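**Q** Shown below is the structure under consideration.
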Amino acid sequence: MAPANLIDGRAIAAQILGELTQRVAALKARGVQPGLAFVRVGEDPASKVYVGRKEKACAELEIFSETHVLPEATSEKNLLALLARLNADAQVHGILVQAPLPRQINQATVYSTVLPQKDVDGFHPVNVGKLMLGDAGGFQPCTPAGIRELLARSNVTMDGAEVVVLGRGNIVGKPMAAMLCQKEKHANATVTICHSATRDIKAHCRRADILIAAMGVAEFVKADMVKPGAVVVDVGVNRVNDPTAKSGSRLVGDVDFANVQPIAGKITPNPGGVGPMTIAMLMQNTVRAAELATSH
Ligand code: GUN
């Protein structure tokens, strides 16, 4: 039997997708089908898997999707030209450029080129700025938005909570911290961001009521770093060698799940925790982009 303190990301994501079905039907009734364009550069195996899952979610919700694959060696100019076409395409309400991008391409330039109203990833500086300002009119990055939703729907109190975010990346750590410190419902927390230069990470972690591990280090969070009863969210996806596995490797999170689970108040399994929520929030952003683009 599954331990009772698991936060079931798959079930909560399914609930959100169910709610979206009605919004997609309402759009359809007035002749609008939400459309999402994926752009993938190169053949990174993880990116292929992630984009594949997102395409499948679109198909299940009857969101139109198209995937553009550019070669690893493509120029930034080529990618920007594709984005200009997608920006101008009325069928496309959302655009997602899968990260990471090859070195010759400047990520900041790419994410600034996607129109803010089509930026369902929430990576455009305008949307990042709106998040910082507490302006709900922008699009918010899918993984941190999914974590917040996961905690809210699991009745985790964020108001006044001590939250420690491990990792300061632009995709998860920084936007997560910005979200949870807003003076809003399901936020209003005291947030600490820890990173590679943090002195005594363990001491910070042990204070946390909610510990969010998003630094990309396999099984970094050990049992002695967690306050008993704390809520632990594992965002990590790390491939580690495992000679006993058929493929020679396996995926592990940023949390030493086997040892942390027994002392956590609540914990996300990995897989089956944060991942499905990221996809659900992408669908939600896409439906919203289509609603906003066609509501005049
Ligand atoms: N790579 C890892 N996470 C993400 C994400 O949320 N969006 C995009 N575009 N790329 C990613």
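The way I read the labels, and the way they are meant: chains A, B, ... in the order of the structure tokens, residue 1 as the first residue of every chain, and ligand 1 as the first ligand shown, with later ones counted on from there.
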How would you report the residues lying within 9 Å of ligand 1, as number ranges by chain, if you count only C-alpha atoms and all ligand atoms?
**A** A: 38-40, 46-47, 50-51, 95-101, 120-123, 141-144, 171-172, 278-279, 282
**Q** Just the selected residues (C-alpha atoms), exported as a short mmCIF file (atom, residue, chain, number, x, y, z; two decimals), in the first residue's frame, please.
**A**
```cif
data_model
loop_
_atom_site.label_atom_id
_atom_site.label_comp_id
_atom_site.auth_asym_id
_atom_site.auth_seq_id
_atom_site.Cartn_x
_atom_site.Cartn_y
_atom_site.Cartn_z
CA PHE A 38 6.21 23.30 -29.51
CA VAL A 39 9.73 24.10 -30.60
CA ARG A 40 12.49 21.63 -29.88
CA ALA A 46 14.82 14.12 -21.99
CA SER A 47 13.43 17.03 -24.03
CA TYR A 50 8.89 15.95 -22.10
CA VAL A 51 7.58 17.38 -25.38
CA ILE A 95 4.37 28.85 -27.93
CA LEU A 96 6.76 26.67 -25.93
CA VAL A 97 10.48 26.50 -26.71
CA GLN A 98 11.78 23.49 -24.81
CA ALA A 99 14.87 24.17 -22.68
CA PRO A 100 17.79 23.49 -22.62
CA LEU A 101 18.89 25.15 -25.85
CA VAL A 120 2.54 29.94 -21.89
CA ASP A 121 5.90 29.06 -20.26
CA GLY A 122 5.93 32.39 -18.40
CA PHE A 123 9.56 33.01 -19.35
CA PRO A 141 5.92 29.31 -15.17
CA CYS A 142 4.27 25.89 -15.19
CA THR A 143 6.37 23.97 -12.66
CA PRO A 144 6.23 26.44 -9.76
CA ILE A 171 12.45 27.81 -14.45
CA VAL A 172 11.68 26.72 -10.88
CA THR A 278 3.69 20.98 -14.85
CA ILE A 279 1.78 19.58 -17.81
CA LEU A 282 0.78 24.24 -19.35
#
```
**Q** If we count only C-alpha atoms and set the cut-off at 9 Å, which residues sit around Lys227 of chain A, ignoring sequence neighbours fewer than 4 positions away in its own chain? Please answer as a PyMOL selection string.
**A** chain A and resi 205-209+223+231+263-264
**Q** Would you export the selected residues with N, CA, C and O atoms as a short mmCIF file (atom, residue, chain, number, x, y, z; two decimals), in the first residue's frame, please?
**A**
```
data_model
loop_
_atom_site.label_atom_id
_atom_site.label_comp_id
_atom_site.auth_asym_id
_atom_site.auth_seq_id
_atom_site.Cartn_x
_atom_site.Cartn_y
_atom_site.Cartn_z
N CYS A 205 17.34 24.07 5.87
CA CYS A 205 16.33 23.05 5.54
C CYS A 205 15.57 22.60 6.78
O CYS A 205 14.35 22.42 6.74
N ARG A 206 16.28 22.45 7.86
CA ARG A 206 15.65 21.92 9.08
C ARG A 206 14.62 22.88 9.70
O ARG A 206 13.82 22.48 10.53
N ARG A 207 14.67 24.15 9.29
CA ARG A 207 13.69 25.13 9.76
C ARG A 207 12.41 25.10 8.93
O ARG A 207 11.40 25.70 9.30
N ALA A 208 12.47 24.43 7.77
CA ALA A 208 11.39 24.58 6.79
C ALA A 208 10.13 23.81 7.18
O ALA A 208 10.19 22.64 7.54
N ASP A 209 8.99 24.51 7.07
CA ASP A 209 7.69 23.83 7.13
C ASP A 209 7.41 23.20 5.78
O ASP A 209 6.73 22.18 5.68
N ALA A 223 17.35 12.55 5.28
CA ALA A 223 16.39 12.59 6.40
C ALA A 223 16.81 13.60 7.48
O ALA A 223 15.96 14.29 8.06
N VAL A 231 6.47 19.42 4.95
CA VAL A 231 5.98 19.05 3.61
C VAL A 231 7.17 19.12 2.65
O VAL A 231 7.86 20.15 2.60
N ILE A 263 9.46 10.48 7.71
CA ILE A 263 9.42 11.59 8.68
C ILE A 263 8.67 12.81 8.15
O ILE A 263 8.31 13.70 8.91
N ALA A 264 8.41 12.84 6.84
CA ALA A 264 7.71 14.00 6.27
C ALA A 264 6.24 13.96 6.65
O ALA A 264 5.65 12.89 6.80
#
```
**Q** Taking 4 positions as the minimum chain separation for residues in the same chain, which residues sit within 9 Å of segment 150-155 of chain A when counting only C-alpha atoms? Answer as a PyMOL selection string.
**A** chain A and resi 7-9+12-13+145-146+186+231+266+273-274+277
**Q** Suppose we keep N, CA and C atoms; can you now write the selection as a PDB file, in the first residue's frame?
**A**
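Done, and the output landed in part_27.pdb:
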```
ATOM      1  N   ILE A   7       1.508  13.000  -1.668  1.00  0.00           N
ATOM      2  CA  ILE A   7       0.709  13.969  -2.417  1.00  0.00           C
ATOM      3  C   ILE A   7       0.604  13.425  -3.844  1.00  0.00           C
ATOM      4  N   ASP A   8      -0.610  13.083  -4.236  1.00  0.00           N
ATOM      5  CA  ASP A   8      -0.803  12.396  -5.518  1.00  0.00           C
ATOM      6  C   ASP A   8      -0.927  13.409  -6.663  1.00  0.00           C
ATOM      7  N   GLY A   9       0.208  13.708  -7.271  1.00  0.00           N
ATOM      8  CA  GLY A   9       0.234  14.690  -8.360  1.00  0.00           C
ATOM      9  C   GLY A   9      -0.577  14.249  -9.568  1.00  0.00           C
ATOM     10  N   ILE A  12      -4.318  14.936  -8.793  1.00  0.00           N
ATOM     11  CA  ILE A  12      -4.652  16.368  -8.760  1.00  0.00           C
ATOM     12  C   ILE A  12      -4.551  16.960 -10.169  1.00  0.00           C
ATOM     13  N   ALA A  13      -3.563  16.514 -10.934  1.00  0.00           N
ATOM     14  CA  ALA A  13      -3.447  16.979 -12.326  1.00  0.00           C
ATOM     15  C   ALA A  13      -4.673  16.545 -13.134  1.00  0.00           C
ATOM     16  N   ALA A 145       4.021  27.056 -10.654  1.00  0.00           N
ATOM     17  CA  ALA A 145       2.561  27.234 -10.537  1.00  0.00           C
ATOM     18  C   ALA A 145       1.912  25.901 -10.179  1.00  0.00           C
ATOM     19  N   GLY A 146       2.428  24.826 -10.755  1.00  0.00           N
ATOM     20  CA  GLY A 146       1.894  23.493 -10.456  1.00  0.00           C
ATOM     21  C   GLY A 146       2.154  23.085  -9.015  1.00  0.00           C
ATOM     22  N   HIS A 186      -2.930  31.229  -0.515  1.00  0.00           N
ATOM     23  CA  HIS A 186      -2.024  30.165  -0.947  1.00  0.00           C
ATOM     24  C   HIS A 186      -0.629  30.710  -1.250  1.00  0.00           C
ATOM     25  N   VAL A 231       6.469  19.418   4.947  1.00  0.00           N
ATOM     26  CA  VAL A 231       5.978  19.047   3.610  1.00  0.00           C
ATOM     27  C   VAL A 231       7.169  19.120   2.654  1.00  0.00           C
ATOM     28  N   LYS A 266       3.956  15.439   4.651  1.00  0.00           N
ATOM     29  CA  LYS A 266       3.460  15.114   3.316  1.00  0.00           C
ATOM     30  C   LYS A 266       4.660  15.172   2.383  1.00  0.00           C
ATOM     31  N   GLY A 273       4.512  13.169  -8.932  1.00  0.00           N
ATOM     32  CA  GLY A 273       4.235  14.304  -8.055  1.00  0.00           C
ATOM     33  C   GLY A 273       4.146  15.582  -8.878  1.00  0.00           C
ATOM     34  N   VAL A 274       5.297  16.241  -9.026  1.00  0.00           N
ATOM     35  CA  VAL A 274       5.342  17.547  -9.686  1.00  0.00           C
ATOM     36  C   VAL A 274       5.151  17.439 -11.204  1.00  0.00           C
ATOM     37  N   MET A 277       1.786  17.851 -12.791  1.00  0.00           N
ATOM     38  CA  MET A 277       1.247  19.191 -12.520  1.00  0.00           C
ATOM     39  C   MET A 277       1.804  20.216 -13.503  1.00  0.00           C
TER      40      MET A 277
END
```
**Q** Calculate how many Å separate atom CA of Gly253 of chain A from atom CA of Glu219 of chain A, rounding to one decimal.
**A**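 Interatomic distance, atom CA of Gly253 of chain A to atom CA of Glu219 of chain A: 5.8 Å.
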**Q** Pick out the residues sitting within 10 Å of Glu66 of chain A, and hand them over as a PyMOL selection string; count only C-alpha atoms, and ignore anything fewer than 3 positions along from it in its own chain.
**A** chain A and resi 35-39+55+58+69+92+95
**Q** Take the residues from that selection and put them in a file with all heavy atoms, as a CSV table (one decimal), in the first residue's frame.
**A**
```csv
chain,number,residue,atom,x,y,z
A,35,GLY,N,-4.6,26.4,-29.5
A,35,GLY,CA,-3.5,25.8,-30.3
A,35,GLY,C,-2.2,26.1,-29.6
A,35,GLY,O,-1.9,27.2,-29.1
A,36,LEU,N,-1.3,25.1,-29.5
A,36,LEU,CA,0.0,25.2,-28.9
A,36,LEU,C,1.1,24.7,-29.8
A,36,LEU,O,1.0,23.6,-30.3
A,36,LEU,CB,0.0,24.4,-27.6
A,36,LEU,CG,1.2,24.3,-26.7
A,36,LEU,CD1,1.8,25.7,-26.4
A,36,LEU,CD2,1.0,23.5,-25.4
A,37,ALA,N,2.1,25.6,-30.0
A,37,ALA,CA,3.2,25.2,-30.9
A,37,ALA,C,4.4,24.9,-30.0
A,37,ALA,O,4.8,25.7,-29.1
A,37,ALA,CB,3.6,26.3,-31.8
A,38,PHE,N,5.0,23.7,-30.2
A,38,PHE,CA,6.2,23.3,-29.5
A,38,PHE,C,7.4,23.5,-30.4
A,38,PHE,O,7.3,23.2,-31.6
A,38,PHE,CB,6.2,21.8,-29.1
A,38,PHE,CG,5.1,21.5,-28.2
A,38,PHE,CD1,3.9,20.8,-28.6
A,38,PHE,CD2,5.1,21.8,-26.9
A,38,PHE,CE1,2.9,20.5,-27.8
A,38,PHE,CE2,4.1,21.5,-26.0
A,38,PHE,CZ,3.0,20.8,-26.4
A,39,VAL,N,8.5,24.0,-29.9
A,39,VAL,CA,9.7,24.1,-30.6
A,39,VAL,C,10.8,23.4,-29.8
A,39,VAL,O,11.0,23.6,-28.6
A,39,VAL,CB,10.2,25.6,-30.8
A,39,VAL,CG1,11.5,25.6,-31.6
A,39,VAL,CG2,9.0,26.4,-31.5
A,55,GLU,N,2.6,16.9,-25.8
A,55,GLU,CA,1.7,16.7,-27.1
A,55,GLU,C,0.6,15.8,-26.7
A,55,GLU,O,-0.6,16.0,-27.2
A,55,GLU,CB,2.6,16.0,-28.2
A,55,GLU,CG,3.6,16.9,-28.8
A,55,GLU,CD,4.6,16.1,-29.6
A,55,GLU,OE1,4.8,14.8,-29.4
A,55,GLU,OE2,5.2,16.7,-30.5
A,58,CYS,N,-2.1,17.6,-24.9
A,58,CYS,CA,-2.9,18.4,-25.9
A,58,CYS,C,-3.9,17.6,-26.6
A,58,CYS,O,-5.1,17.9,-26.7
A,58,CYS,CB,-2.0,19.1,-26.9
A,58,CYS,SG,-1.0,20.4,-26.3
A,69,VAL,N,10.8,20.8,-35.0
A,69,VAL,CA,12.1,20.4,-34.6
A,69,VAL,C,13.2,21.0,-35.4
A,69,VAL,O,13.2,20.8,-36.7
A,69,VAL,CB,12.2,18.8,-34.6
A,69,VAL,CG1,13.5,18.3,-34.1
A,69,VAL,CG2,11.0,18.2,-33.8
A,92,VAL,N,-2.2,29.7,-33.5
A,92,VAL,CA,-1.3,29.4,-32.3
A,92,VAL,C,-1.5,30.4,-31.2
A,92,VAL,O,-1.2,31.5,-31.4
A,92,VAL,CB,0.2,29.4,-32.9
A,92,VAL,CG1,1.1,29.3,-31.7
A,92,VAL,CG2,0.4,28.3,-33.9
A,95,ILE,N,3.1,29.3,-27.3
A,95,ILE,CA,4.4,28.8,-27.9
A,95,ILE,C,5.3,28.4,-26.8
A,95,ILE,O,5.4,29.1,-25.8
A,95,ILE,CB,5.1,30.0,-28.7
A,95,ILE,CG1,4.2,30.5,-29.8
A,95,ILE,CG2,6.4,29.5,-29.3
A,95,ILE,CD1,4.7,31.8,-30.5
```
**Q** Just the residues within 12 Å of segment 194-204 of chain A, please, counting only C-alpha atoms, with nothing from its chain fewer than 6 positions along; format it as number ranges by chain.
**A** A: 162-169, 173-174, 177, 210-217, 220-227
**Q** Please produce a file of those selected residues containing C-alpha atoms, as a short mmCIF file (atom, residue, chain, number, x, y, z; two decimals), in the first residue's frame.
**A**
```cif
data_model
loop_
_atom_site.label_atom_id
_atom_site.label_comp_id
_atom_site.auth_asym_id
_atom_site.auth_seq_id
_atom_site.Cartn_x
_atom_site.Cartn_y
_atom_site.Cartn_z
CA GLU A 162 8.64 28.89 6.52
CA VAL A 163 9.41 27.81 2.96
CA VAL A 164 12.89 26.82 1.86
CA VAL A 165 13.51 26.56 -1.88
CA LEU A 166 16.66 24.68 -2.89
CA GLY A 167 17.83 26.00 -6.25
CA ARG A 168 17.73 29.43 -7.90
CA GLY A 169 17.05 28.53 -11.52
CA GLY A 173 13.61 28.17 -7.93
CA LYS A 174 13.35 31.91 -8.53
CA ALA A 177 10.11 31.94 -4.35
CA ILE A 210 7.72 23.38 3.35
CA LEU A 211 10.91 22.24 1.64
CA ILE A 212 11.04 22.46 -2.17
CA ALA A 213 14.01 20.69 -3.74
CA ALA A 214 14.78 21.98 -7.23
CA MET A 215 18.53 22.12 -7.51
CA GLY A 216 19.13 19.06 -9.66
CA VAL A 217 21.38 17.03 -7.37
CA PHE A 220 20.52 15.62 -2.02
CA VAL A 221 17.87 16.01 0.68
CA LYS A 222 18.55 13.45 3.42
CA ALA A 223 16.39 12.59 6.40
CA ASP A 224 18.52 14.63 8.82
CA MET A 225 17.85 17.78 6.74
CA VAL A 226 14.08 17.58 7.19
CA LYS A 227 12.04 18.74 10.16
#
```
**Q** Could you pull out all residues of segment 15-257 of chain A with a DSSP call of alpha helix (DSSP H) and give them as a PyMOL selection string?
**A** chain A and resi 15-29+45-61+76-88+107-113+125-133+142-153+173-180+201-207+257
**Q** Smallest atom-to-atom distance to Thr268 of chain A: which of A:Ala280, A:Met132, A:Val233, A:Ala218, using only C-alpha atoms?
**A**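 Among A:Ala280, A:Met132, A:Val233, A:Ala218, it is A:Val233 that comes nearest to Thr268 of chain A.
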**Q** Mind checking which residues fall within 9 Å of Pro34 of chain A, counting only C-alpha atoms, ignoring those fewer than 5 positions away in the same chain, and posting them as a list in words?
**A**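 Here the answer would be Val24, Leu27, Lys28, Glu62, Ile63, Phe64, Ser65, Gln91, Val92, His93, Gly94, Thr286, Val287, Arg288, Ala289, Ala290 and Glu291 of chain A.
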**Q** Ranking A:Leu83, A:Val255, A:Ala230, A:Ala14 by minimum distance to Lys118 of chain A and counting only C-alpha atoms, which one comes first?
**A**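 Of A:Leu83, A:Val255, A:Ala230, A:Ala14, the one nearest Lys118 of chain A, counting only C-alpha atoms, is A:Leu83.
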**Q** What lies within 12 Å of Pro125 of chain A using only C-alpha atoms, ignoring chain neighbours under 4 positions off, as a PyMOL selection string?
**A** chain A and resi 107-117+119+121+129-132+138-141+170+175
**Q** Could you please take those selected residues and save N, CA, C and O atoms as a PDB file, in the first residue's frame?
**A**
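Result saved to again_20.pdb:
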```pdb
ATOM      1  N   GLN A 107      19.419  32.089 -24.803  1.00  0.00           N
ATOM      2  CA  GLN A 107      18.107  31.759 -24.245  1.00  0.00           C
ATOM      3  C   GLN A 107      17.277  33.022 -23.961  1.00  0.00           C
ATOM      4  O   GLN A 107      16.080  33.056 -24.245  1.00  0.00           O
ATOM      5  N   ALA A 108      17.924  34.035 -23.430  1.00  0.00           N
ATOM      6  CA  ALA A 108      17.186  35.265 -23.067  1.00  0.00           C
ATOM      7  C   ALA A 108      16.589  35.912 -24.312  1.00  0.00           C
ATOM      8  O   ALA A 108      15.450  36.397 -24.301  1.00  0.00           O
ATOM      9  N   THR A 109      17.354  35.890 -25.417  1.00  0.00           N
ATOM     10  CA  THR A 109      16.849  36.480 -26.664  1.00  0.00           C
ATOM     11  C   THR A 109      15.631  35.700 -27.150  1.00  0.00           C
ATOM     12  O   THR A 109      14.626  36.272 -27.567  1.00  0.00           O
ATOM     13  N   VAL A 110      15.734  34.370 -27.066  1.00  0.00           N
ATOM     14  CA  VAL A 110      14.640  33.519 -27.530  1.00  0.00           C
ATOM     15  C   VAL A 110      13.375  33.786 -26.718  1.00  0.00           C
ATOM     16  O   VAL A 110      12.290  34.021 -27.269  1.00  0.00           O
ATOM     17  N   TYR A 111      13.496  33.774 -25.398  1.00  0.00           N
ATOM     18  CA  TYR A 111      12.294  33.917 -24.579  1.00  0.00           C
ATOM     19  C   TYR A 111      11.734  35.342 -24.615  1.00  0.00           C
ATOM     20  O   TYR A 111      10.567  35.553 -24.315  1.00  0.00           O
ATOM     21  N   SER A 112      12.556  36.310 -25.017  1.00  0.00           N
ATOM     22  CA  SER A 112      12.041  37.676 -25.186  1.00  0.00           C
ATOM     23  C   SER A 112      11.329  37.840 -26.519  1.00  0.00           C
ATOM     24  O   SER A 112      10.634  38.828 -26.735  1.00  0.00           O
ATOM     25  N   THR A 113      11.549  36.898 -27.434  1.00  0.00           N
ATOM     26  CA  THR A 113      10.971  37.015 -28.773  1.00  0.00           C
ATOM     27  C   THR A 113       9.547  36.469 -28.833  1.00  0.00           C
ATOM     28  O   THR A 113       8.717  36.951 -29.593  1.00  0.00           O
ATOM     29  N   VAL A 114       9.260  35.452 -28.016  1.00  0.00           N
ATOM     30  CA  VAL A 114       7.890  34.929 -27.953  1.00  0.00           C
ATOM     31  C   VAL A 114       6.987  36.058 -27.438  1.00  0.00           C
ATOM     32  O   VAL A 114       7.312  36.692 -26.423  1.00  0.00           O
ATOM     33  N   LEU A 115       5.895  36.318 -28.125  1.00  0.00           N
ATOM     34  CA  LEU A 115       4.980  37.370 -27.647  1.00  0.00           C
ATOM     35  C   LEU A 115       4.520  37.055 -26.221  1.00  0.00           C
ATOM     36  O   LEU A 115       4.140  35.918 -25.937  1.00  0.00           O
ATOM     37  N   PRO A 116       4.509  38.056 -25.329  1.00  0.00           N
ATOM     38  CA  PRO A 116       4.088  37.789 -23.938  1.00  0.00           C
ATOM     39  C   PRO A 116       2.714  37.123 -23.855  1.00  0.00           C
ATOM     40  O   PRO A 116       2.494  36.265 -23.006  1.00  0.00           O
ATOM     41  N   GLN A 117       1.800  37.476 -24.759  1.00  0.00           N
ATOM     42  CA  GLN A 117       0.440  36.893 -24.698  1.00  0.00           C
ATOM     43  C   GLN A 117       0.396  35.461 -25.216  1.00  0.00           C
ATOM     44  O   GLN A 117      -0.617  34.789 -25.080  1.00  0.00           O
ATOM     45  N   ASP A 119       3.149  33.461 -24.417  1.00  0.00           N
ATOM     46  CA  ASP A 119       4.231  32.891 -23.613  1.00  0.00           C
ATOM     47  C   ASP A 119       3.670  32.007 -22.488  1.00  0.00           C
ATOM     48  O   ASP A 119       3.716  32.366 -21.309  1.00  0.00           O
ATOM     49  N   ASP A 121       4.845  29.501 -21.185  1.00  0.00           N
ATOM     50  CA  ASP A 121       5.897  29.059 -20.262  1.00  0.00           C
ATOM     51  C   ASP A 121       6.138  30.090 -19.156  1.00  0.00           C
ATOM     52  O   ASP A 121       6.783  29.778 -18.153  1.00  0.00           O
ATOM     53  N   GLY A 129       8.251  39.823 -14.845  1.00  0.00           N
ATOM     54  CA  GLY A 129       8.032  41.064 -14.103  1.00  0.00           C
ATOM     55  C   GLY A 129       6.667  41.082 -13.434  1.00  0.00           C
ATOM     56  O   GLY A 129       6.535  41.473 -12.267  1.00  0.00           O
ATOM     57  N   LYS A 130       5.644  40.638 -14.161  1.00  0.00           N
ATOM     58  CA  LYS A 130       4.290  40.608 -13.575  1.00  0.00           C
ATOM     59  C   LYS A 130       4.236  39.668 -12.373  1.00  0.00           C
ATOM     60  O   LYS A 130       3.584  39.969 -11.373  1.00  0.00           O
ATOM     61  N   LEU A 131       4.941  38.547 -12.483  1.00  0.00           N
ATOM     62  CA  LEU A 131       4.980  37.619 -11.349  1.00  0.00           C
ATOM     63  C   LEU A 131       5.591  38.312 -10.124  1.00  0.00           C
ATOM     64  O   LEU A 131       5.052  38.243  -9.018  1.00  0.00           O
ATOM     65  N   MET A 132       6.712  38.994 -10.338  1.00  0.00           N
ATOM     66  CA  MET A 132       7.374  39.692  -9.222  1.00  0.00           C
ATOM     67  C   MET A 132       6.452  40.749  -8.607  1.00  0.00           C
ATOM     68  O   MET A 132       6.450  40.968  -7.399  1.00  0.00           O
ATOM     69  N   GLY A 138      -0.415  38.111 -15.931  1.00  0.00           N
ATOM     70  CA  GLY A 138       0.596  37.482 -16.782  1.00  0.00           C
ATOM     71  C   GLY A 138       0.481  35.970 -16.775  1.00  0.00           C
ATOM     72  O   GLY A 138      -0.426  35.404 -16.151  1.00  0.00           O
ATOM     73  N   PHE A 139       1.379  35.321 -17.485  1.00  0.00           N
ATOM     74  CA  PHE A 139       1.474  33.859 -17.431  1.00  0.00           C
ATOM     75  C   PHE A 139       2.588  33.479 -16.461  1.00  0.00           C
ATOM     76  O   PHE A 139       3.663  34.075 -16.470  1.00  0.00           O
ATOM     77  N   GLN A 140       2.320  32.465 -15.650  1.00  0.00           N
ATOM     78  CA  GLN A 140       3.303  32.037 -14.660  1.00  0.00           C
ATOM     79  C   GLN A 140       3.939  30.719 -15.079  1.00  0.00           C
ATOM     80  O   GLN A 140       3.264  29.854 -15.653  1.00  0.00           O
ATOM     81  N   PRO A 141       5.231  30.542 -14.785  1.00  0.00           N
ATOM     82  CA  PRO A 141       5.921  29.307 -15.173  1.00  0.00           C
ATOM     83  C   PRO A 141       5.215  28.062 -14.618  1.00  0.00           C
ATOM     84  O   PRO A 141       4.727  28.063 -13.481  1.00  0.00           O
ATOM     85  N   ASN A 170      15.917  29.832 -13.204  1.00  0.00           N
ATOM     86  CA  ASN A 170      14.840  30.690 -13.715  1.00  0.00           C
ATOM     87  C   ASN A 170      13.550  29.918 -13.967  1.00  0.00           C
ATOM     88  O   ASN A 170      12.479  30.514 -14.059  1.00  0.00           O
ATOM     89  N   PRO A 175      11.169  31.703  -9.706  1.00  0.00           N
ATOM     90  CA  PRO A 175       9.725  31.995  -9.765  1.00  0.00           C
ATOM     91  C   PRO A 175       8.952  31.370  -8.599  1.00  0.00           C
ATOM     92  O   PRO A 175       7.970  31.954  -8.128  1.00  0.00           O
TER      93      PRO A 175
END
```
**Q** Running DSSP on the backbone, which parts of segment 37-218 of chain A land in strand (DSSP E), as a ChimeraX atom specification?
**A** /A:37-41,64-70,94-97,162-166,190-194,210-213
**Q** Find the residue from A:Ala189, A:Ile105, A:Met176, A:Ala90 that sits nearest to Val32 of chain A; use only C-alpha atoms when measuring.
**A** A:Ala90
**Q** Can you work out the spacing between atom CA of Asn270 of chain A and atom CA of Arg239 of chain A in Å, to one decimal?
**A**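 Computed distance, atom CA of Asn270 of chain A to atom CA of Arg239 of chain A, equals 12.7 Å.
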